[in-house]
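Before any comments, here is the structure.
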Amino acid sequence: MSDHDPFNQPEIAHPRSRDLMAEELFWDCADEDAPFGSDEGWTAYYEWRQWREDNPGSSLVDCFSWILNDRLDEYNDSLSSDERIAADLESPDDAFLSEAFDIFTLDTTIIGTALGQLLDEGMIDVTAKPYVQVAIARQLNPRICESDARREILLAVKRVIEKA
């Protein structure tokens with residue numbers, strides 16, 4: 001794995017990612033609400049790079065399956081319903097994959113991984129986008145997203161995912 005840092009050297013990121021991720025927030029590694037500003041988002045990007053090196057011909061969906069402990073089919077729209085989010089927040093130990101992740105960490109990992117593919121390869125596998133949309137929808141839920149600034153960041157991420 002090459003030791004590049006697209007956040008401090010954005011010129012080494014794929015040109016298409018620079019076009020789509022025009023807002024400074026995508027390159028901010030200090031803002032906890034930014035995609036790569038939290039430890040989880042930052043780690044997701046570098047784990048994506050390692051996974052890609054080990055699995056050069058695999059799809060992003062395969063990476064998501066690895067992240068989700070082969071429970072990919074369970075990471076679906078039902079997880080972003082108001083009822084499910086309320087239940088997961090009330091009983092976090094019973095939430096989906098709670099043995100490995102909290103809601104923020106899991107969703108941030110999915111988002112950071114997808115944006116990582118965009119940074120490195122200039123695209124996001126179209127078959128992976130529904131999973132990223134689940135992560136964004138969960139994070140946009142008013143019970144989770146409590147600030148206008150976080151909402152604006154998530155809407156920017158959503159736009160980029162749709163266009164990628």
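Order determines the names: the first chain of the structure tokens is A, the second B, and so forth; residues in each chain are numbered 1 upward, and ligands are numbered 1 upward as they are shown.
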Q) Using only C-alpha atoms, which residues sit within 10 Å of Ile153 of chain A once same-chain residues fewer than 5 positions away are excluded, as a PyMOL selection string? A) chain A and resi 23+25-26+33-35+140+148+158-159
Q) Near Gly41 of chain A, counting only C-alpha atoms, which residues have an atom at most 10 Å away, once you skip same-chain residues fewer than 3 positions from it, shown as a PyMOL selection string? A) chain A and resi 29+32-38+44-47+105-113+115-116
Going by DSSP on the backbone, which bits of segment 4-75 of chain A are helix (DSSP H, G or I)? Write them as a PDB file with N, CA, C and O atoms, in the first residue's frame, please.
ATOM      1  N   PRO A  10      -4.210  16.836  -1.521  1.00  0.00           N
ATOM      2  CA  PRO A  10      -5.379  16.479  -2.325  1.00  0.00           C
ATOM      3  C   PRO A  10      -5.069  16.269  -3.806  1.00  0.00           C
ATOM      4  O   PRO A  10      -5.817  15.571  -4.493  1.00  0.00           O
ATOM      5  N   GLU A  11      -3.964  16.802  -4.276  1.00  0.00           N
ATOM      6  CA  GLU A  11      -3.610  16.623  -5.679  1.00  0.00           C
ATOM      7  C   GLU A  11      -3.311  15.158  -6.023  1.00  0.00           C
ATOM      8  O   GLU A  11      -3.353  14.782  -7.194  1.00  0.00           O
ATOM      9  N   ILE A  12      -3.061  14.324  -5.016  1.00  0.00           N
ATOM     10  CA  ILE A  12      -2.814  12.907  -5.307  1.00  0.00           C
ATOM     11  C   ILE A  12      -4.094  12.072  -5.264  1.00  0.00           C
ATOM     12  O   ILE A  12      -4.074  10.917  -5.640  1.00  0.00           O
ATOM     13  N   PRO A  15      -8.691  12.640  -9.633  1.00  0.00           N
ATOM     14  CA  PRO A  15      -9.262  13.928 -10.081  1.00  0.00           C
ATOM     15  C   PRO A  15     -10.786  13.988  -9.986  1.00  0.00           C
ATOM     16  O   PRO A  15     -11.349  15.029  -9.642  1.00  0.00           O
ATOM     17  N   ARG A  16     -11.462  12.885 -10.256  1.00  0.00           N
ATOM     18  CA  ARG A  16     -12.927  12.901 -10.173  1.00  0.00           C
ATOM     19  C   ARG A  16     -13.390  13.120  -8.735  1.00  0.00           C
ATOM     20  O   ARG A  16     -14.385  13.802  -8.495  1.00  0.00           O
ATOM     21  N   SER A  17     -12.666  12.582  -7.781  1.00  0.00           N
ATOM     22  CA  SER A  17     -13.043  12.808  -6.377  1.00  0.00           C
ATOM     23  C   SER A  17     -12.878  14.281  -6.032  1.00  0.00           C
ATOM     24  O   SER A  17     -13.700  14.844  -5.316  1.00  0.00           O
ATOM     25  N   ARG A  18     -11.841  14.898  -6.536  1.00  0.00           N
ATOM     26  CA  ARG A  18     -11.636  16.324  -6.261  1.00  0.00           C
ATOM     27  C   ARG A  18     -12.759  17.156  -6.880  1.00  0.00           C
ATOM     28  O   ARG A  18     -13.196  18.150  -6.296  1.00  0.00           O
ATOM     29  N   ASP A  19     -13.245  16.749  -8.052  1.00  0.00           N
ATOM     30  CA  ASP A  19     -14.361  17.460  -8.689  1.00  0.00           C
ATOM     31  C   ASP A  19     -15.657  17.288  -7.899  1.00  0.00           C
ATOM     32  O   ASP A  19     -16.385  18.253  -7.679  1.00  0.00           O
ATOM     33  N   LEU A  20     -15.950  16.048  -7.494  1.00  0.00           N
ATOM     34  CA  LEU A  20     -17.209  15.769  -6.791  1.00  0.00           C
ATOM     35  C   LEU A  20     -17.189  16.232  -5.336  1.00  0.00           C
ATOM     36  O   LEU A  20     -18.211  16.645  -4.798  1.00  0.00           O
ATOM     37  N   GLU A  24     -14.750  21.966   1.185  1.00  0.00           N
ATOM     38  CA  GLU A  24     -13.604  21.768   2.080  1.00  0.00           C
ATOM     39  C   GLU A  24     -13.880  20.687   3.125  1.00  0.00           C
ATOM     40  O   GLU A  24     -12.958  19.995   3.569  1.00  0.00           O
ATOM     41  N   LEU A  25     -15.135  20.512   3.508  1.00  0.00           N
ATOM     42  CA  LEU A  25     -15.479  19.545   4.549  1.00  0.00           C
ATOM     43  C   LEU A  25     -15.008  18.139   4.222  1.00  0.00           C
ATOM     44  O   LEU A  25     -14.730  17.344   5.105  1.00  0.00           O
ATOM     45  N   PHE A  26     -14.931  17.805   2.935  1.00  0.00           N
ATOM     46  CA  PHE A  26     -14.500  16.461   2.561  1.00  0.00           C
ATOM     47  C   PHE A  26     -13.018  16.224   2.823  1.00  0.00           C
ATOM     48  O   PHE A  26     -12.568  15.083   2.874  1.00  0.00           O
ATOM     49  N   TRP A  27     -12.271  17.287   2.971  1.00  0.00           N
ATOM     50  CA  TRP A  27     -10.828  17.191   3.153  1.00  0.00           C
ATOM     51  C   TRP A  27     -10.422  17.548   4.589  1.00  0.00           C
ATOM     52  O   TRP A  27      -9.239  17.563   4.915  1.00  0.00           O
ATOM     53  N   ASP A  39     -12.268   9.727  14.199  1.00  0.00           N
ATOM     54  CA  ASP A  39     -11.357   8.578  14.174  1.00  0.00           C
ATOM     55  C   ASP A  39     -11.935   7.462  13.318  1.00  0.00           C
ATOM     56  O   ASP A  39     -11.210   6.779  12.597  1.00  0.00           O
ATOM     57  N   GLU A  40     -13.256   7.284  13.386  1.00  0.00           N
ATOM     58  CA  GLU A  40     -13.916   6.199  12.655  1.00  0.00           C
ATOM     59  C   GLU A  40     -13.810   6.405  11.146  1.00  0.00           C
ATOM     60  O   GLU A  40     -13.538   5.460  10.402  1.00  0.00           O
ATOM     61  N   GLY A  41     -14.037   7.622  10.691  1.00  0.00           N
ATOM     62  CA  GLY A  41     -13.960   7.905   9.257  1.00  0.00           C
ATOM     63  C   GLY A  41     -12.544   7.797   8.730  1.00  0.00           C
ATOM     64  O   GLY A  41     -12.307   7.246   7.649  1.00  0.00           O
ATOM     65  N   TRP A  42     -11.612   8.321   9.484  1.00  0.00           N
ATOM     66  CA  TRP A  42     -10.201   8.264   9.120  1.00  0.00           C
ATOM     67  C   TRP A  42      -9.745   6.799   9.035  1.00  0.00           C
ATOM     68  O   TRP A  42      -9.122   6.378   8.073  1.00  0.00           O
ATOM     69  N   THR A  43     -10.078   6.026  10.066  1.00  0.00           N
ATOM     70  CA  THR A  43      -9.711   4.617  10.096  1.00  0.00           C
ATOM     71  C   THR A  43     -10.363   3.856   8.946  1.00  0.00           C
ATOM     72  O   THR A  43      -9.720   3.001   8.327  1.00  0.00           O
ATOM     73  N   ALA A  44     -11.618   4.164   8.649  1.00  0.00           N
ATOM     74  CA  ALA A  44     -12.316   3.483   7.551  1.00  0.00           C
ATOM     75  C   ALA A  44     -11.570   3.666   6.242  1.00  0.00           C
ATOM     76  O   ALA A  44     -11.425   2.714   5.467  1.00  0.00           O
ATOM     77  N   TYR A  45     -11.092   4.879   5.988  1.00  0.00           N
ATOM     78  CA  TYR A  45     -10.365   5.115   4.742  1.00  0.00           C
ATOM     79  C   TYR A  45      -9.096   4.263   4.667  1.00  0.00           C
ATOM     80  O   TYR A  45      -8.841   3.589   3.670  1.00  0.00           O
ATOM     81  N   TYR A  46      -8.317   4.260   5.716  1.00  0.00           N
ATOM     82  CA  TYR A  46      -7.063   3.515   5.668  1.00  0.00           C
ATOM     83  C   TYR A  46      -7.288   2.002   5.713  1.00  0.00           C
ATOM     84  O   TYR A  46      -6.520   1.237   5.112  1.00  0.00           O
ATOM     85  N   GLU A  47      -8.348   1.557   6.373  1.00  0.00           N
ATOM     86  CA  GLU A  47      -8.678   0.130   6.315  1.00  0.00           C
ATOM     87  C   GLU A  47      -9.178  -0.250   4.927  1.00  0.00           C
ATOM     88  O   GLU A  47      -8.893  -1.349   4.448  1.00  0.00           O
ATOM     89  N   TRP A  48      -9.921   0.639   4.265  1.00  0.00           N
ATOM     90  CA  TRP A  48     -10.338   0.403   2.876  1.00  0.00           C
ATOM     91  C   TRP A  48      -9.097   0.199   1.999  1.00  0.00           C
ATOM     92  O   TRP A  48      -9.046  -0.728   1.192  1.00  0.00           O
ATOM     93  N   ARG A  49      -8.121   1.071   2.151  1.00  0.00           N
ATOM     94  CA  ARG A  49      -6.927   0.982   1.320  1.00  0.00           C
ATOM     95  C   ARG A  49      -6.211  -0.349   1.531  1.00  0.00           C
ATOM     96  O   ARG A  49      -5.759  -0.977   0.576  1.00  0.00           O
ATOM     97  N   GLN A  50      -6.125  -0.785   2.788  1.00  0.00           N
ATOM     98  CA  GLN A  50      -5.491  -2.075   3.061  1.00  0.00           C
ATOM     99  C   GLN A  50      -6.324  -3.203   2.477  1.00  0.00           C
ATOM    100  O   GLN A  50      -5.793  -4.139   1.873  1.00  0.00           O
ATOM    101  N   TRP A  51      -7.646  -3.137   2.644  1.00  0.00           N
ATOM    102  CA  TRP A  51      -8.529  -4.170   2.100  1.00  0.00           C
ATOM    103  C   TRP A  51      -8.391  -4.216   0.578  1.00  0.00           C
ATOM    104  O   TRP A  51      -8.312  -5.297  -0.003  1.00  0.00           O
ATOM    105  N   ARG A  52      -8.347  -3.066  -0.080  1.00  0.00           N
ATOM    106  CA  ARG A  52      -8.229  -3.015  -1.529  1.00  0.00           C
ATOM    107  C   ARG A  52      -6.913  -3.632  -1.987  1.00  0.00           C
ATOM    108  O   ARG A  52      -6.866  -4.362  -2.973  1.00  0.00           O
ATOM    109  N   GLU A  53      -5.848  -3.361  -1.249  1.00  0.00           N
ATOM    110  CA  GLU A  53      -4.557  -3.963  -1.605  1.00  0.00           C
ATOM    111  C   GLU A  53      -4.628  -5.490  -1.516  1.00  0.00           C
ATOM    112  O   GLU A  53      -4.080  -6.199  -2.357  1.00  0.00           O
ATOM    113  N   ASP A  54      -5.323  -5.995  -0.511  1.00  0.00           N
ATOM    114  CA  ASP A  54      -5.459  -7.439  -0.323  1.00  0.00           C
ATOM    115  C   ASP A  54      -6.495  -8.061  -1.250  1.00  0.00           C
ATOM    116  O   ASP A  54      -6.484  -9.282  -1.447  1.00  0.00           O
ATOM    117  N   LEU A  60     -16.707  -3.148  -3.988  1.00  0.00           N
ATOM    118  CA  LEU A  60     -16.929  -2.459  -2.721  1.00  0.00           C
ATOM    119  C   LEU A  60     -17.966  -3.210  -1.880  1.00  0.00           C
ATOM    120  O   LEU A  60     -17.861  -3.238  -0.650  1.00  0.00           O
ATOM    121  N   VAL A  61     -18.917  -3.847  -2.525  1.00  0.00           N
ATOM    122  CA  VAL A  61     -19.911  -4.637  -1.787  1.00  0.00           C
ATOM    123  C   VAL A  61     -19.226  -5.763  -1.025  1.00  0.00           C
ATOM    124  O   VAL A  61     -19.597  -6.070   0.111  1.00  0.00           O
ATOM    125  N   ASP A  62     -18.209  -6.368  -1.621  1.00  0.00           N
ATOM    126  CA  ASP A  62     -17.457  -7.404  -0.910  1.00  0.00           C
ATOM    127  C   ASP A  62     -16.783  -6.824   0.334  1.00  0.00           C
ATOM    128  O   ASP A  62     -16.726  -7.473   1.377  1.00  0.00           O
ATOM    129  N   CYS A  63     -16.276  -5.614   0.217  1.00  0.00           N
ATOM    130  CA  CYS A  63     -15.673  -4.951   1.375  1.00  0.00           C
ATOM    131  C   CYS A  63     -16.732  -4.695   2.444  1.00  0.00           C
ATOM    132  O   CYS A  63     -16.503  -4.937   3.632  1.00  0.00           O
ATOM    133  N   PHE A  64     -17.897  -4.218   2.020  1.00  0.00           N
ATOM    134  CA  PHE A  64     -18.981  -3.993   2.979  1.00  0.00           C
ATOM    135  C   PHE A  64     -19.374  -5.299   3.665  1.00  0.00           C
ATOM    136  O   PHE A  64     -19.638  -5.317   4.865  1.00  0.00           O
ATOM    137  N   SER A  65     -19.420  -6.380   2.915  1.00  0.00           N
ATOM    138  CA  SER A  65     -19.755  -7.670   3.506  1.00  0.00           C
ATOM    139  C   SER A  65     -18.730  -8.049   4.570  1.00  0.00           C
ATOM    140  O   SER A  65     -19.085  -8.561   5.637  1.00  0.00           O
ATOM    141  N   TRP A  66     -17.468  -7.771   4.293  1.00  0.00           N
ATOM    142  CA  TRP A  66     -16.402  -8.023   5.265  1.00  0.00           C
ATOM    143  C   TRP A  66     -16.612  -7.160   6.517  1.00  0.00           C
ATOM    144  O   TRP A  66     -16.533  -7.659   7.644  1.00  0.00           O
ATOM    145  N   ILE A  67     -16.903  -5.877   6.330  1.00  0.00           N
ATOM    146  CA  ILE A  67     -17.143  -4.970   7.461  1.00  0.00           C
ATOM    147  C   ILE A  67     -18.330  -5.455   8.286  1.00  0.00           C
ATOM    148  O   ILE A  67     -18.308  -5.434   9.513  1.00  0.00           O
ATOM    149  N   LEU A  72     -24.534  -8.660   5.246  1.00  0.00           N
ATOM    150  CA  LEU A  72     -24.848  -7.588   4.312  1.00  0.00           C
ATOM    151  C   LEU A  72     -26.345  -7.450   4.070  1.00  0.00           C
ATOM    152  O   LEU A  72     -26.872  -6.341   4.032  1.00  0.00           O
ATOM    153  N   ASP A  73     -27.032  -8.580   3.927  1.00  0.00           N
ATOM    154  CA  ASP A  73     -28.474  -8.523   3.634  1.00  0.00           C
ATOM    155  C   ASP A  73     -29.283  -7.892   4.765  1.00  0.00           C
ATOM    156  O   ASP A  73     -30.379  -7.389   4.544  1.00  0.00           O
ATOM    157  N   GLU A  74     -28.740  -7.848   5.969  1.00  0.00           N
ATOM    158  CA  GLU A  74     -29.440  -7.252   7.103  1.00  0.00           C
ATOM    159  C   GLU A  74     -29.220  -5.745   7.216  1.00  0.00           C
ATOM    160  O   GLU A  74     -29.921  -5.072   7.969  1.00  0.00           O
TER     161      GLU A  74
END
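Minimum distance to Ala13 of chain A across A:Asp77, A:Asp82, A:Asp120, A:Asp102 (counting only C-alpha atoms) occurs at A:Asp120.
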Q: For Arg143 of chain A, list every protein, DNA or RNA residue within 12 Å, evaluated using only C-alpha atoms, and leave out those in the same chain fewer than 4 positions away; present the list as a PyMOL selection string.
A: chain A and resi 80-90+103-104+137-139+147+151
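Proximity ranking of A:Asp31, A:Ala164, A:Lys129, A:Tyr75 relative to Ala149 of chain A places A:Asp31 first, based on only C-alpha atoms.
Closest to Ser98 of chain A among A:Ala135, A:Val157, A:Ala114, A:Leu68 is A:Leu68, based on only C-alpha atoms.
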